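Everything below belongs to coords-v2.tsv, which stores TSV, N, CA and C atoms.
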```tsv
chain	number	residue	atom	x	y	z
F	235	MET	N	14.93	65.21	23.44
F	235	MET	CA	14.63	64.63	22.15
F	235	MET	C	15.65	63.55	21.83
F	236	ASN	N	15.17	62.42	21.38
F	236	ASN	CA	16.05	61.33	21.01
F	236	ASN	C	16.51	61.53	19.57
F	237	ASP	N	17.77	61.89	19.40
F	237	ASP	CA	18.29	62.11	18.05
F	237	ASP	C	19.13	60.93	17.55
F	238	ASN	N	18.98	59.79	18.20
F	238	ASN	CA	19.68	58.59	17.78
F	238	ASN	C	19.11	58.15	16.44
F	239	PRO	N	19.97	57.94	15.41
F	239	PRO	CA	19.45	57.51	14.11
F	239	PRO	C	18.83	56.11	14.17
F	240	ASN	N	19.11	55.37	15.23
F	240	ASN	CA	18.53	54.04	15.38
F	240	ASN	C	17.66	54.03	16.64
F	241	PRO	N	16.39	54.43	16.51
F	241	PRO	CA	15.55	54.53	17.70
F	241	PRO	C	15.34	53.21	18.43
F	242	LYS	N	15.43	52.09	17.72
F	242	LYS	CA	15.30	50.79	18.39
F	242	LYS	C	16.45	50.56	19.36
F	243	SER	N	17.64	50.98	18.96
F	243	SER	CA	18.82	50.81	19.81
F	243	SER	C	18.69	51.64	21.08
F	244	SER	N	18.29	52.90	20.95
F	244	SER	CA	18.17	53.75	22.14
F	244	SER	C	17.02	53.28	23.02
F	245	ALA	N	15.93	52.78	22.42
F	245	ALA	CA	14.82	52.27	23.22
F	245	ALA	C	15.26	51.05	24.00
F	246	SER	N	16.04	50.19	23.38
F	246	SER	CA	16.55	49.00	24.05
F	246	SER	C	17.50	49.39	25.18
F	247	GLN	N	18.36	50.38	24.93
F	247	GLN	CA	19.27	50.84	25.97
F	247	GLN	C	18.49	51.44	27.14
F	248	CYS	N	17.45	52.21	26.84
F	248	CYS	CA	16.63	52.79	27.90
F	248	CYS	C	16.01	51.69	28.75
F	249	LYS	N	15.52	50.67	28.10
F	249	LYS	CA	14.89	49.56	28.82
F	249	LYS	C	15.90	48.87	29.73
F	250	GLN	N	17.10	48.62	29.22
F	250	GLN	CA	18.13	47.96	30.01
F	250	GLN	C	18.61	48.85	31.16
F	251	ILE	N	18.78	50.13	30.90
F	251	ILE	CA	19.24	51.07	31.92
F	251	ILE	C	18.19	51.19	33.02
F	252	LEU	N	16.93	51.29	32.63
F	252	LEU	CA	15.86	51.40	33.61
F	252	LEU	C	15.81	50.16	34.50
F	253	ALA	N	15.91	48.99	33.90
F	253	ALA	CA	15.89	47.74	34.68
F	253	ALA	C	17.06	47.72	35.66
F	254	TRP	N	18.22	48.13	35.21
F	254	TRP	CA	19.43	48.18	36.05
F	254	TRP	C	19.21	49.09	37.26
F	255	LEU	N	18.72	50.29	36.99
F	255	LEU	CA	18.50	51.26	38.05
F	255	LEU	C	17.39	50.82	39.01
F	256	GLN	N	16.37	50.17	38.49
F	256	GLN	CA	15.27	49.71	39.33
F	256	GLN	C	15.69	48.58	40.26
F	257	GLU	N	16.81	47.93	39.96
F	257	GLU	CA	17.36	46.91	40.85
F	257	GLU	C	18.10	47.54	42.02
F	258	GLY	N	18.15	48.87	42.06
F	258	GLY	CA	18.83	49.56	43.15
F	258	GLY	C	20.30	49.81	42.88
F	259	LYS	N	20.74	49.58	41.66
F	259	LYS	CA	22.14	49.78	41.30
F	259	LYS	C	22.36	51.20	40.83
F	260	THR	N	23.59	51.67	40.93
F	260	THR	CA	23.98	52.96	40.37
F	260	THR	C	24.61	52.71	39.00
F	261	LEU	N	24.71	53.78	38.21
F	261	LEU	CA	25.25	53.63	36.87
F	261	LEU	C	26.05	54.88	36.48
F	262	THR	N	27.27	54.64	35.99
F	262	THR	CA	28.12	55.71	35.46
F	262	THR	C	28.24	55.52	33.95
F	263	SER	N	28.79	56.53	33.27
F	263	SER	CA	28.93	56.40	31.82
F	263	SER	C	29.84	55.26	31.41
F	264	ILE	N	30.90	55.03	32.14
F	264	ILE	CA	31.80	53.91	31.82
F	264	ILE	C	31.07	52.58	31.98
F	265	GLN	N	30.30	52.45	33.04
F	265	GLN	CA	29.52	51.22	33.25
F	265	GLN	C	28.49	51.05	32.14
F	266	ALA	N	27.83	52.13	31.75
F	266	ALA	CA	26.82	52.06	30.69
F	266	ALA	C	27.45	51.61	29.37
F	267	LEU	N	28.64	52.08	29.11
F	267	LEU	CA	29.33	51.69	27.89
F	267	LEU	C	29.67	50.20	27.92
F	268	THR	N	30.21	49.71	29.02
F	268	THR	CA	30.61	48.30	29.09
F	268	THR	C	29.40	47.37	29.23
F	269	GLN	N	28.37	47.77	29.98
F	269	GLN	CA	27.21	46.91	30.22
F	269	GLN	C	26.24	46.88	29.03
F	270	PHE	N	26.00	48.06	28.44
F	270	PHE	CA	24.93	48.18	27.45
F	270	PHE	C	25.36	48.73	26.10
F	271	GLY	N	26.65	49.03	25.94
F	271	GLY	CA	27.12	49.62	24.69
F	271	GLY	C	26.58	51.03	24.48
F	272	CYS	N	26.29	51.72	25.56
F	272	CYS	CA	25.69	53.05	25.51
F	272	CYS	C	26.76	54.11	25.65
F	273	PHE	N	26.97	54.88	24.58
F	273	PHE	CA	27.97	55.94	24.60
F	273	PHE	C	27.43	57.23	25.19
F	274	ARG	N	26.09	57.38	25.25
F	274	ARG	CA	25.49	58.65	25.68
F	274	ARG	C	24.50	58.41	26.81
F	275	LEU	N	25.01	58.05	27.97
F	275	LEU	CA	24.15	57.77	29.11
F	275	LEU	C	23.28	58.96	29.48
F	276	ALA	N	23.83	60.16	29.47
F	276	ALA	CA	23.04	61.34	29.85
F	276	ALA	C	21.82	61.49	28.93
F	277	SER	N	21.97	61.16	27.66
F	277	SER	CA	20.84	61.25	26.73
F	277	SER	C	19.78	60.20	27.04
F	278	ARG	N	20.22	59.00	27.38
F	278	ARG	CA	19.25	57.95	27.73
F	278	ARG	C	18.54	58.30	29.04
F	279	VAL	N	19.26	58.87	30.00
F	279	VAL	CA	18.65	59.31	31.25
F	279	VAL	C	17.62	60.40	30.95
F	280	HIS	N	17.96	61.30	30.06
F	280	HIS	CA	17.02	62.35	29.66
F	280	HIS	C	15.75	61.74	29.06
F	281	ASP	N	15.93	60.75	28.18
F	281	ASP	CA	14.77	60.07	27.58
F	281	ASP	C	13.89	59.45	28.66
F	282	LEU	N	14.51	58.81	29.64
F	282	LEU	CA	13.74	58.18	30.73
F	282	LEU	C	13.04	59.23	31.58
F	283	ARG	N	13.70	60.33	31.84
F	283	ARG	CA	13.07	61.40	32.61
F	283	ARG	C	11.87	61.98	31.86
F	284	GLN	N	11.98	62.06	30.54
F	284	GLN	CA	10.86	62.53	29.71
F	284	GLN	C	9.65	61.61	29.85
F	285	ARG	N	9.89	60.36	30.17
F	285	ARG	CA	8.81	59.38	30.36
F	285	ARG	C	8.30	59.39	31.81
F	286	GLY	N	8.83	60.29	32.63
F	286	GLY	CA	8.34	60.43	33.99
F	286	GLY	C	9.10	59.64	35.03
F	287	ILE	N	10.22	59.03	34.66
F	287	ILE	CA	11.04	58.28	35.61
F	287	ILE	C	11.91	59.28	36.37
F	288	ASP	N	11.86	59.22	37.69
F	288	ASP	CA	12.62	60.15	38.53
F	288	ASP	C	14.00	59.57	38.80
F	289	ILE	N	14.95	59.93	37.96
F	289	ILE	CA	16.33	59.44	38.09
F	289	ILE	C	17.16	60.56	38.72
F	290	CYS	N	17.88	60.20	39.78
F	290	CYS	CA	18.73	61.16	40.49
F	290	CYS	C	20.16	61.06	39.98
F	291	LYS	N	20.90	62.14	40.20
F	291	LYS	CA	22.31	62.18	39.80
F	291	LYS	C	23.12	62.76	40.94
F	292	ARG	N	24.27	62.15	41.19
F	292	ARG	CA	25.22	62.74	42.13
F	292	ARG	C	26.58	62.75	41.46
F	293	MET	N	27.36	63.75	41.80
F	293	MET	CA	28.71	63.85	41.26
F	293	MET	C	29.66	63.16	42.24
F	294	VAL	N	30.49	62.30	41.70
F	294	VAL	CA	31.42	61.50	42.49
F	294	VAL	C	32.84	61.89	42.09
F	295	LYS	N	33.71	61.95	43.08
F	295	LYS	CA	35.11	62.31	42.82
F	295	LYS	C	35.96	61.04	42.84
F	296	ASN	N	36.72	60.84	41.77
F	296	ASN	CA	37.62	59.70	41.69
F	296	ASN	C	38.77	59.92	42.66
F	297	PRO	N	38.96	59.00	43.62
F	297	PRO	CA	40.02	59.19	44.62
F	297	PRO	C	41.43	59.11	44.03
F	298	ASN	N	41.57	58.48	42.87
F	298	ASN	CA	42.91	58.32	42.27
F	298	ASN	C	43.39	59.56	41.55
F	299	ASN	N	42.47	60.24	40.84
F	299	ASN	CA	42.92	61.38	40.04
F	299	ASN	C	42.15	62.67	40.33
F	300	GLY	N	41.17	62.62	41.22
F	300	GLY	CA	40.42	63.81	41.59
F	300	GLY	C	39.37	64.26	40.59
F	301	LYS	N	39.24	63.55	39.46
F	301	LYS	CA	38.24	63.94	38.47
F	301	LYS	C	36.85	63.55	38.95
F	302	ARG	N	35.88	64.34	38.52
F	302	ARG	CA	34.49	64.10	38.93
F	302	ARG	C	33.70	63.50	37.76
F	303	TYR	N	32.72	62.68	38.12
F	303	TYR	CA	31.86	62.08	37.11
F	303	TYR	C	30.47	61.87	37.71
F	304	ALA	N	29.49	61.75	36.83
F	304	ALA	CA	28.11	61.58	37.27
F	304	ALA	C	27.80	60.12	37.53
F	305	GLU	N	27.03	59.91	38.58
F	305	GLU	CA	26.54	58.58	38.92
F	305	GLU	C	25.02	58.71	39.05
F	306	TYR	N	24.30	57.89	38.31
F	306	TYR	CA	22.84	57.96	38.28
F	306	TYR	C	22.25	56.83	39.13
F	307	TYR	N	21.08	57.11	39.71
F	307	TYR	CA	20.40	56.13	40.54
F	307	TYR	C	18.95	56.52	40.69
F	308	ILE	N	18.13	55.57	41.13
F	308	ILE	CA	16.75	55.84	41.47
F	308	ILE	C	16.66	55.78	42.98
F	309	ASN	N	16.11	56.82	43.57
F	309	ASN	CA	15.95	56.87	45.02
F	309	ASN	C	15.04	55.70	45.44
F	310	PRO	N	15.52	54.82	46.31
F	310	PRO	CA	14.73	53.64	46.69
F	310	PRO	C	13.39	54.01	47.32
F	311	GLU	N	13.29	55.17	47.91
F	311	GLU	CA	12.04	55.60	48.52
F	311	GLU	C	11.00	55.99	47.48
F	312	GLN	N	11.47	56.26	46.25
F	312	GLN	CA	10.56	56.71	45.19
F	312	GLN	C	10.20	55.59	44.22
F	313	SER	N	10.91	54.48	44.24
F	313	SER	CA	10.63	53.42	43.25
F	313	SER	C	9.55	52.47	43.72
```

Could you express the structure from this file as structure tokens?
Amino acid sequence: MNDNPNPKSSASQCKQILAWLQEGKTLTSIQALTQFGCFRLASRVHDLRQRGIDICKRMVKNPNNGKRYAEYYINPEQS
């Protein structure tokens, strides 16, 4: 469920995120924040999945500090 008080903003972010992923690029929360002003990437990914878009997630480990984070992508074989 999209609980963003500004549904136009989240719809615009979804559109931008989908276009980004369809270009074969990956996206992390930090990238989403800097590229699209999106603070809640997981929520936008959820919105896109609700629309039937098959977005994959893999957990990546930062080599500098060992912390893990999610990286989203669309499997090129499915797009």

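Among the candidates F:Thr262, F:Asp288, F:Arg302, F:Met293, the one nearest to Ala276 in chain F when counting only C-alpha atoms is F:Thr262.
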
| All helix (DSSP H, G or I) residues (DSSP, backbone) inside chain F, as JSON, numbers by chain | {"F": [241, 242, 243, 244, 245, 246, 247, 248, 249, 250, 251, 252, 253, 254, 255, 256, 263, 264, 265, 266, 267, 268, 269, 270, 275, 276, 277, 278, 279, 280, 281, 282, 283, 284]}

Written file, previous selection with N, CA and C atoms, as a JSON list (two decimals), in the coordinates of the input:
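To be explicit, this is the file written out as again_4.json:
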```json
[["chain", "number", "residue", "atom", "x", "y", "z"],
["F", 241, "PRO", "N", 16.39, 54.43, 16.51],
["F", 241, "PRO", "CA", 15.55, 54.53, 17.70],
["F", 241, "PRO", "C", 15.34, 53.21, 18.43],
["F", 242, "LYS", "N", 15.43, 52.09, 17.72],
["F", 242, "LYS", "CA", 15.30, 50.79, 18.39],
["F", 242, "LYS", "C", 16.45, 50.56, 19.36],
["F", 243, "SER", "N", 17.64, 50.98, 18.96],
["F", 243, "SER", "CA", 18.82, 50.81, 19.81],
["F", 243, "SER", "C", 18.69, 51.64, 21.08],
["F", 244, "SER", "N", 18.29, 52.90, 20.95],
["F", 244, "SER", "CA", 18.17, 53.75, 22.14],
["F", 244, "SER", "C", 17.02, 53.28, 23.02],
["F", 245, "ALA", "N", 15.93, 52.78, 22.42],
["F", 245, "ALA", "CA", 14.82, 52.27, 23.22],
["F", 245, "ALA", "C", 15.26, 51.05, 24.00],
["F", 246, "SER", "N", 16.04, 50.19, 23.38],
["F", 246, "SER", "CA", 16.55, 49.00, 24.05],
["F", 246, "SER", "C", 17.50, 49.39, 25.18],
["F", 247, "GLN", "N", 18.36, 50.38, 24.93],
["F", 247, "GLN", "CA", 19.27, 50.84, 25.97],
["F", 247, "GLN", "C", 18.49, 51.44, 27.14],
["F", 248, "CYS", "N", 17.45, 52.21, 26.84],
["F", 248, "CYS", "CA", 16.63, 52.79, 27.90],
["F", 248, "CYS", "C", 16.01, 51.69, 28.75],
["F", 249, "LYS", "N", 15.52, 50.67, 28.10],
["F", 249, "LYS", "CA", 14.89, 49.56, 28.82],
["F", 249, "LYS", "C", 15.90, 48.87, 29.73],
["F", 250, "GLN", "N", 17.10, 48.62, 29.22],
["F", 250, "GLN", "CA", 18.13, 47.96, 30.01],
["F", 250, "GLN", "C", 18.61, 48.85, 31.16],
["F", 251, "ILE", "N", 18.78, 50.13, 30.90],
["F", 251, "ILE", "CA", 19.24, 51.07, 31.92],
["F", 251, "ILE", "C", 18.19, 51.19, 33.02],
["F", 252, "LEU", "N", 16.93, 51.29, 32.63],
["F", 252, "LEU", "CA", 15.86, 51.40, 33.61],
["F", 252, "LEU", "C", 15.81, 50.16, 34.50],
["F", 253, "ALA", "N", 15.91, 48.99, 33.90],
["F", 253, "ALA", "CA", 15.89, 47.74, 34.68],
["F", 253, "ALA", "C", 17.06, 47.72, 35.66],
["F", 254, "TRP", "N", 18.22, 48.13, 35.21],
["F", 254, "TRP", "CA", 19.43, 48.18, 36.05],
["F", 254, "TRP", "C", 19.21, 49.09, 37.26],
["F", 255, "LEU", "N", 18.72, 50.29, 36.99],
["F", 255, "LEU", "CA", 18.50, 51.26, 38.05],
["F", 255, "LEU", "C", 17.39, 50.82, 39.01],
["F", 256, "GLN", "N", 16.37, 50.17, 38.49],
["F", 256, "GLN", "CA", 15.27, 49.71, 39.33],
["F", 256, "GLN", "C", 15.69, 48.58, 40.26],
["F", 263, "SER", "N", 28.79, 56.53, 33.27],
["F", 263, "SER", "CA", 28.93, 56.40, 31.82],
["F", 263, "SER", "C", 29.84, 55.26, 31.41],
["F", 264, "ILE", "N", 30.90, 55.03, 32.14],
["F", 264, "ILE", "CA", 31.80, 53.91, 31.82],
["F", 264, "ILE", "C", 31.07, 52.58, 31.98],
["F", 265, "GLN", "N", 30.30, 52.45, 33.04],
["F", 265, "GLN", "CA", 29.52, 51.22, 33.25],
["F", 265, "GLN", "C", 28.49, 51.05, 32.14],
["F", 266, "ALA", "N", 27.83, 52.13, 31.75],
["F", 266, "ALA", "CA", 26.82, 52.06, 30.69],
["F", 266, "ALA", "C", 27.45, 51.61, 29.37],
["F", 267, "LEU", "N", 28.64, 52.08, 29.11],
["F", 267, "LEU", "CA", 29.33, 51.69, 27.89],
["F", 267, "LEU", "C", 29.67, 50.20, 27.92],
["F", 268, "THR", "N", 30.21, 49.71, 29.02],
["F", 268, "THR", "CA", 30.61, 48.30, 29.09],
["F", 268, "THR", "C", 29.40, 47.37, 29.23],
["F", 269, "GLN", "N", 28.37, 47.77, 29.98],
["F", 269, "GLN", "CA", 27.21, 46.91, 30.22],
["F", 269, "GLN", "C", 26.24, 46.88, 29.03],
["F", 270, "PHE", "N", 26.00, 48.06, 28.44],
["F", 270, "PHE", "CA", 24.93, 48.18, 27.45],
["F", 270, "PHE", "C", 25.36, 48.73, 26.10],
["F", 275, "LEU", "N", 25.01, 58.05, 27.97],
["F", 275, "LEU", "CA", 24.15, 57.77, 29.11],
["F", 275, "LEU", "C", 23.28, 58.96, 29.48],
["F", 276, "ALA", "N", 23.83, 60.16, 29.47],
["F", 276, "ALA", "CA", 23.04, 61.34, 29.85],
["F", 276, "ALA", "C", 21.82, 61.49, 28.93],
["F", 277, "SER", "N", 21.97, 61.16, 27.66],
["F", 277, "SER", "CA", 20.84, 61.25, 26.73],
["F", 277, "SER", "C", 19.78, 60.20, 27.04],
["F", 278, "ARG", "N", 20.22, 59.00, 27.38],
["F", 278, "ARG", "CA", 19.25, 57.95, 27.73],
["F", 278, "ARG", "C", 18.54, 58.30, 29.04],
["F", 279, "VAL", "N", 19.26, 58.87, 30.00],
["F", 279, "VAL", "CA", 18.65, 59.31, 31.25],
["F", 279, "VAL", "C", 17.62, 60.40, 30.95],
["F", 280, "HIS", "N", 17.96, 61.30, 30.06],
["F", 280, "HIS", "CA", 17.02, 62.35, 29.66],
["F", 280, "HIS", "C", 15.75, 61.74, 29.06],
["F", 281, "ASP", "N", 15.93, 60.75, 28.18],
["F", 281, "ASP", "CA", 14.77, 60.07, 27.58],
["F", 281, "ASP", "C", 13.89, 59.45, 28.66],
["F", 282, "LEU", "N", 14.51, 58.81, 29.64],
["F", 282, "LEU", "CA", 13.74, 58.18, 30.73],
["F", 282, "LEU", "C", 13.04, 59.23, 31.58],
["F", 283, "ARG", "N", 13.70, 60.33, 31.84],
["F", 283, "ARG", "CA", 13.07, 61.40, 32.61],
["F", 283, "ARG", "C", 11.87, 61.98, 31.86],
["F", 284, "GLN", "N", 11.98, 62.06, 30.54],
["F", 284, "GLN", "CA", 10.86, 62.53, 29.71],
["F", 284, "GLN", "C", 9.65, 61.61, 29.85]]
```

Skipping near chain neighbours, those fewer than 2 positions away, what residues fall within 6.5 Å of Thr260 in chain F using all atoms listed in the file, listed as a PDB file with N, CA and C atoms, in the frame of the given file?
```pdb
ATOM      1  N   TRP F 254      18.220  48.130  35.210  1.00  0.00           N
ATOM      2  CA  TRP F 254      19.430  48.180  36.050  1.00  0.00           C
ATOM      3  C   TRP F 254      19.210  49.090  37.260  1.00  0.00           C
ATOM      4  N   LEU F 255      18.720  50.290  36.990  1.00  0.00           N
ATOM      5  CA  LEU F 255      18.500  51.260  38.050  1.00  0.00           C
ATOM      6  C   LEU F 255      17.390  50.820  39.010  1.00  0.00           C
ATOM      7  N   GLY F 258      18.150  48.870  42.060  1.00  0.00           N
ATOM      8  CA  GLY F 258      18.830  49.560  43.150  1.00  0.00           C
ATOM      9  C   GLY F 258      20.300  49.810  42.880  1.00  0.00           C
ATOM     10  N   THR F 262      27.270  54.640  35.990  1.00  0.00           N
ATOM     11  CA  THR F 262      28.120  55.710  35.460  1.00  0.00           C
ATOM     12  C   THR F 262      28.240  55.520  33.950  1.00  0.00           C
ATOM     13  N   GLU F 305      27.030  59.910  38.580  1.00  0.00           N
ATOM     14  CA  GLU F 305      26.540  58.580  38.920  1.00  0.00           C
ATOM     15  C   GLU F 305      25.020  58.710  39.050  1.00  0.00           C
ATOM     16  N   TYR F 306      24.300  57.890  38.310  1.00  0.00           N
ATOM     17  CA  TYR F 306      22.840  57.960  38.280  1.00  0.00           C
ATOM     18  C   TYR F 306      22.250  56.830  39.130  1.00  0.00           C
ATOM     19  N   TYR F 307      21.080  57.110  39.710  1.00  0.00           N
ATOM     20  CA  TYR F 307      20.400  56.130  40.540  1.00  0.00           C
ATOM     21  C   TYR F 307      18.950  56.520  40.690  1.00  0.00           C
ATOM     22  N   ILE F 308      18.130  55.570  41.130  1.00  0.00           N
ATOM     23  CA  ILE F 308      16.750  55.840  41.470  1.00  0.00           C
ATOM     24  C   ILE F 308      16.660  55.780  42.980  1.00  0.00           C
TER      25      ILE F 308
END
```

For Gln247 in chain F: contacts at 7 Å, all atoms listed in the file, fewer than 6 positions along chain excluded, given as a PDB file with N, CA and C atoms, in the coordinates of the input:
```pdb
ATOM      1  N   PHE F 270      26.000  48.060  28.440  1.00  0.00           N
ATOM      2  CA  PHE F 270      24.930  48.180  27.450  1.00  0.00           C
ATOM      3  C   PHE F 270      25.360  48.730  26.100  1.00  0.00           C
ATOM      4  N   CYS F 272      26.290  51.720  25.560  1.00  0.00           N
ATOM      5  CA  CYS F 272      25.690  53.050  25.510  1.00  0.00           C
ATOM      6  C   CYS F 272      26.760  54.110  25.650  1.00  0.00           C
ATOM      7  N   ARG F 278      20.220  59.000  27.380  1.00  0.00           N
ATOM      8  CA  ARG F 278      19.250  57.950  27.730  1.00  0.00           C
ATOM      9  C   ARG F 278      18.540  58.300  29.040  1.00  0.00           C
TER      10      ARG F 278
END
```

| task | Would you mind telling me which residue in F:Thr268, F:Cys248, F:Asn299, F:Ser263 lies nearest to Asp281 in chain F when using all atoms listed in the file? | result |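 For Asp281 in chain F, the nearest of the candidates is F:Cys248.
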